[in-house]
Every structure is written in C-alpha cells, then in structure tokens.
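First the structure, in the form of structure tokens, and then the observations on it.
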Amino acid sequence: MALRLIIALILTGSAIVAGCANLSANLSARRSAPQSALSNLHEFGNGLYSGAQPEGRVGYDALAALGIKSLISVDAIAPDQSLAGEYGIEAVHLPISYSGISAQRAVELAHAIATMPRPIYLHCHHGRHRGPAALCVGAIGTGELSNSEAIALMHIAGTAPSYTGLWDAVADARPLTDEIILDPAITLVAQSPIKGFTKTMGEIDRLNEQLWALNDNSFAPNDDRPDDPSPPALAGQIHDLFRSLETDVLVEDNGIEFLELLLDARDYASTLEAQLDEDDLQGASLTMIALTDSCISCHERFRD
C-alpha cells in the first residue's frame with residue numbers, strides 16, 4: 001500500500017508563491033493511498049504527486065484516474081509523448097542525476113511546477129530518490145514547501161540517506177522570485193538532449209572505475225574526496241546512463257545481441273545499486289565482477 005501525504009498549503013497573493021503550513025499539522029494529515037499501478041506514489045498536496053515511471057497504458061490509466069494533467073520526468077528516459085497525448089497529458093523532460101540538482105535545473109523545475117496545469121505527476125525511475133528530491137526543490141522554489149517540510153517528505157518517500165547530493169540539493173534550495181520563475185527564456189522540452197553514445201560510455205567507464213576504487217576499500221567513502229557521490233549513487237548513475245542508451249540509433253544498428261548485452265549491463269547496475277543501498281557488500285562485489293565481465297564481453301564482440 002503506497003503512502004500519500006497531504007501538506008496543507010495556504011495560497012496567498014501571487015499564484016506562484018504559497019504560504020507554508022505548520023509542519024506538525026502537515027505530517028498529521030498523512031494518509032494511505034489506494035492501490036495503484038504507480039509504485040511509490042505520494043501526494044504532496046496542492047495537486048503535486050511523485051512516484052515511479054508510469055509503465056505503458058496501465059501506468060497512464062492510473063495517471064488518468066488521478067486526474068493528472070501534466071507529467072515531469074526527471075529520469076534519463078524521456079516521457080512517451082504519444083501515449084501522454086492520448087491521455088491529454090502535457091509531458092516534459094527535465095532529467096537530473098543522483099549526485100544533485102543544478103541551479104539551472106532547480107529554476108526549470110520551479111518554472112514547470114508553477115506554470116504547468118495541475119495535477120502534476122513528477123517521476124524518476126523507481127520514485128524514491130530523484131523524483132521526490134526534484135519535486136521538493138521545485139516546490140521550495142515556488143514557495144509551496146519549506147526546507148524542513150521538504151526534508152520530512154523525503155524521509156516519507158523513502159529517499160536513501162546515501163544519496164547525499166539529493167539531500168543537499170533540498171537542504172540548500174531557496175524560494176525564487178516570480179521574475180526568475182516566469183522568465184520567458186525558460187523552455188520546457190519533450191526530450192532533453194542526451195550525450196552521444198561514445199561520450200556516455202566514457203562516463204560509464206569513469207564511474208565504474210570510481211566504484212572499483214571504492215570496492216578495494218570495502219566501499220568505504222574516500223576521506224580525501226568527501227564530495228564524491230556515494231557508492232549507491234554511482235551505481236544508480238551507471239544504471240541511468242545504460243538506460244539512456246536503449247533507444248540510441250547505434251544500439252538499433254548493431255542488432256538484438258548488442259541490445260541484450262546492454263540490457264544485461266543495465267540490470268547488473270540496478271542490482272548493484274540495491275545491494276550497495278542495503279550494505280550487501282559481498283553481493284555488490286560479485287555483481288561488480290559480473291557487470292565488468294558483461295562490458296568486456298560486449299567490447300570483445302562489437303568493439304575490439
């Protein structure tokens with residue numbers, strides 16, 4: 001049973017800037033949501049929802065049942081515009097990483113939340129980490145959440161403590177002026193540009209090297225590099241990058257075997273993220289080997 005959280009918001013003055021209700025009253029308004037095809041579904045109040053990626057028509061049926069009019073994806077994968085259009089849902093793509101949220105993206109999130117028709121559904125892949133953080137940063141920007149309320153919501157959504165960049169982004173977010181939020185130069189797009197295949201694979205290789213260095217130290221943080229993403233965040237980024245390549249033209253050109261190897265690597269990265277999040281270090285080490293072997297096999301077949 002997913003949780004839903006209602007935050008009582010008192011709107012005053014500007015349509016964008018909203019007053020924040022008392023935190024204890026907000027949390028006492030928490031209630032359970034009905035069963036839904038949308039996993040990790042949470043209602044933040046004022047027509048703002050977060051959750052996992054809607055899967056196919058079943059997912060969009062669930063969005064329609066909620067009355068969703070707008071969708072914001074912060075995942076690597078852009079929304080299905082064709083399916084969204086069938087349901088009369090306006091969809092935009094504002095991807096973020098597990099390591100944090102840039103100042104520009106924070107403004108764009110606030111702009112989207114302030115200007116898109118409500119109810120709004122904001123999602124990442126699993127709906128626990130990036131999605132709640134992005135919604136909180138955007139709603140702090142519009143004045144609809146305080147930082148303390150947002151932090152409480154992150155806990156309820158189940159955002160793991162290891163994603164320190166996301167927690168820092170929410171803690172550091174600040175309300176924005178209407179002039180900034182409504183800047184006509186801000187453009188929301190259906191699909192954000194993604195890196196080229198070679199550049200993306202290079203980034204995966206770099207992150208994999210960071211993980212191997214941490215693996216050699218039982219995945220303990222590097223005291224000399226305190227700002228580095230946590231091990232689960234690194235694995236999450238690798239998973240996200242593999243997912244972003246699934247629709248790349250090069251993958252299509254290389255055929256089904258290449259795609260299957262890519263999907264194997266993606267799934268290893270997903271397993272690795274979960275193991276690191278649960279402190280299953282032995283399992284994580286074995287998955288690291290499987291992931292690396294998968295990449296070597298692909299290179300031998302298609303590159304070397």
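Order determines the names: the first chain of the structure tokens is A, the second B, and so forth; residues in each chain are numbered 1 upward, and ligands are numbered 1 upward as they are shown.
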Per-residue DSSP, range 43-235 of chain A, filtered to helix (DSSP H, G or I), as a ChimeraX atom specification: /A:56-66,81-86,103-115,130-141,147-157,164-172,178-181,197-215,231-235
Please tabulate, as a Markdown table, the residues of range 25-92 of chain A that come within 6 Å of range 106-122 of chain A, each with its closest pair of atoms and the distance in Å to one decimal, counting only C-alpha atoms and ordering rows by chain, then residue number upward.
| residue | atom | partner | partner_atom | distance |
| --- | --- | --- | --- | --- |
| A:Gly47 | CA | A:Pro119 | CA | 4.3 |
| A:Leu48 | CA | A:Ile120 | CA | 5.1 |
| A:Tyr49 | CA | A:Tyr121 | CA | 4.7 |
| A:Ser50 | CA | A:Leu122 | CA | 4.8 |
| A:Ile68 | CA | A:Pro119 | CA | 4.8 |
| A:Lys69 | CA | A:Pro119 | CA | 5.6 |
| A:Ser70 | CA | A:Ile120 | CA | 4.7 |
| A:Leu71 | CA | A:Tyr121 | CA | 4.8 |
| A:Ile72 | CA | A:Leu122 | CA | 4.6 |
| A:Ser73 | CA | A:Leu122 | CA | 5.9 |
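The gap separating CA of Gly158 in chain A from CA of Gln282 in chain A is 23.9 Å, in Å to one decimal.
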Point-to-point distance from CA of Gly45 in chain A to CA of Ala173 in chain A, Å rounded to tenths: 19.0 Å
- prompt: Which residues, written as a count of residues only, have at least one atom at most 7 Å from range 284-300 of chain A, with only C-alpha atoms counted and residues fewer than 4 positions away on the same chain left out?
  reply: 10
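Taking only C-alpha atoms into account, Leu262 in chain A lies nearest to A:Ser244 out of the set A:Gln210, A:Gln104, A:Ser244, A:Thr159.
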I'd like the neighbourhood of Ile140 in chain A as a PDB file with N, CA and C atoms, in the first residue's frame, where a residue qualifies if any of its atoms comes within 9 Å (using only C-alpha atoms), though same-chain residues fewer than 4 positions away should be ignored.
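As written to disk, out.pdb reads:
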ATOM      1  N   ALA A 110      11.038  24.615 -10.820  1.00  0.00           N
ATOM      2  CA  ALA A 110      10.096  25.575 -10.237  1.00  0.00           C
ATOM      3  C   ALA A 110       9.196  26.164 -11.316  1.00  0.00           C
ATOM      4  N   LEU A 135      10.885  17.189  -6.921  1.00  0.00           N
ATOM      5  CA  LEU A 135       9.633  17.857  -6.583  1.00  0.00           C
ATOM      6  C   LEU A 135       9.818  18.805  -5.407  1.00  0.00           C
ATOM      7  N   CYS A 136      10.576  18.360  -4.414  1.00  0.00           N
ATOM      8  CA  CYS A 136      10.823  19.214  -3.244  1.00  0.00           C
ATOM      9  C   CYS A 136      11.586  20.476  -3.632  1.00  0.00           C
ATOM     10  N   GLU A 144       6.049  26.740  -2.057  1.00  0.00           N
ATOM     11  CA  GLU A 144       4.997  25.859  -1.570  1.00  0.00           C
ATOM     12  C   GLU A 144       5.470  24.887  -0.497  1.00  0.00           C
ATOM     13  N   LEU A 145       6.759  24.773  -0.316  1.00  0.00           N
ATOM     14  CA  LEU A 145       7.310  23.943   0.749  1.00  0.00           C
ATOM     15  C   LEU A 145       8.450  24.692   1.424  1.00  0.00           C
ATOM     16  N   SER A 146       8.574  24.508   2.719  1.00  0.00           N
ATOM     17  CA  SER A 146       9.772  24.971   3.419  1.00  0.00           C
ATOM     18  C   SER A 146      10.814  23.865   3.334  1.00  0.00           C
ATOM     19  N   ASN A 147      12.050  24.178   3.648  1.00  0.00           N
ATOM     20  CA  ASN A 147      13.104  23.150   3.613  1.00  0.00           C
ATOM     21  C   ASN A 147      12.828  22.042   4.613  1.00  0.00           C
ATOM     22  N   ALA A 150      10.145  19.813   3.297  1.00  0.00           N
ATOM     23  CA  ALA A 150      10.667  19.017   2.193  1.00  0.00           C
ATOM     24  C   ALA A 150      11.519  17.855   2.698  1.00  0.00           C
ATOM     25  N   VAL A 170      18.042  19.602  -1.631  1.00  0.00           N
ATOM     26  CA  VAL A 170      16.811  20.006  -0.951  1.00  0.00           C
ATOM     27  C   VAL A 170      17.121  20.930   0.225  1.00  0.00           C
ATOM     28  N   ALA A 173      18.056  24.411  -1.226  1.00  0.00           N
ATOM     29  CA  ALA A 173      17.113  25.099  -2.116  1.00  0.00           C
ATOM     30  C   ALA A 173      16.507  26.316  -1.427  1.00  0.00           C
ATOM     31  N   ARG A 174      16.192  27.317  -2.218  1.00  0.00           N
ATOM     32  CA  ARG A 174      15.622  28.556  -1.689  1.00  0.00           C
ATOM     33  C   ARG A 174      14.437  29.014  -2.544  1.00  0.00           C
ATOM     34  N   PRO A 175      13.476  29.734  -1.948  1.00  0.00           N
ATOM     35  CA  PRO A 175      12.376  30.290  -2.743  1.00  0.00           C
ATOM     36  C   PRO A 175      12.916  31.238  -3.810  1.00  0.00           C
ATOM     37  N   LEU A 176      12.268  31.251  -4.964  1.00  0.00           N
ATOM     38  CA  LEU A 176      12.682  32.087  -6.078  1.00  0.00           C
ATOM     39  C   LEU A 176      11.634  33.174  -6.322  1.00  0.00           C
TER      40      LEU A 176
END
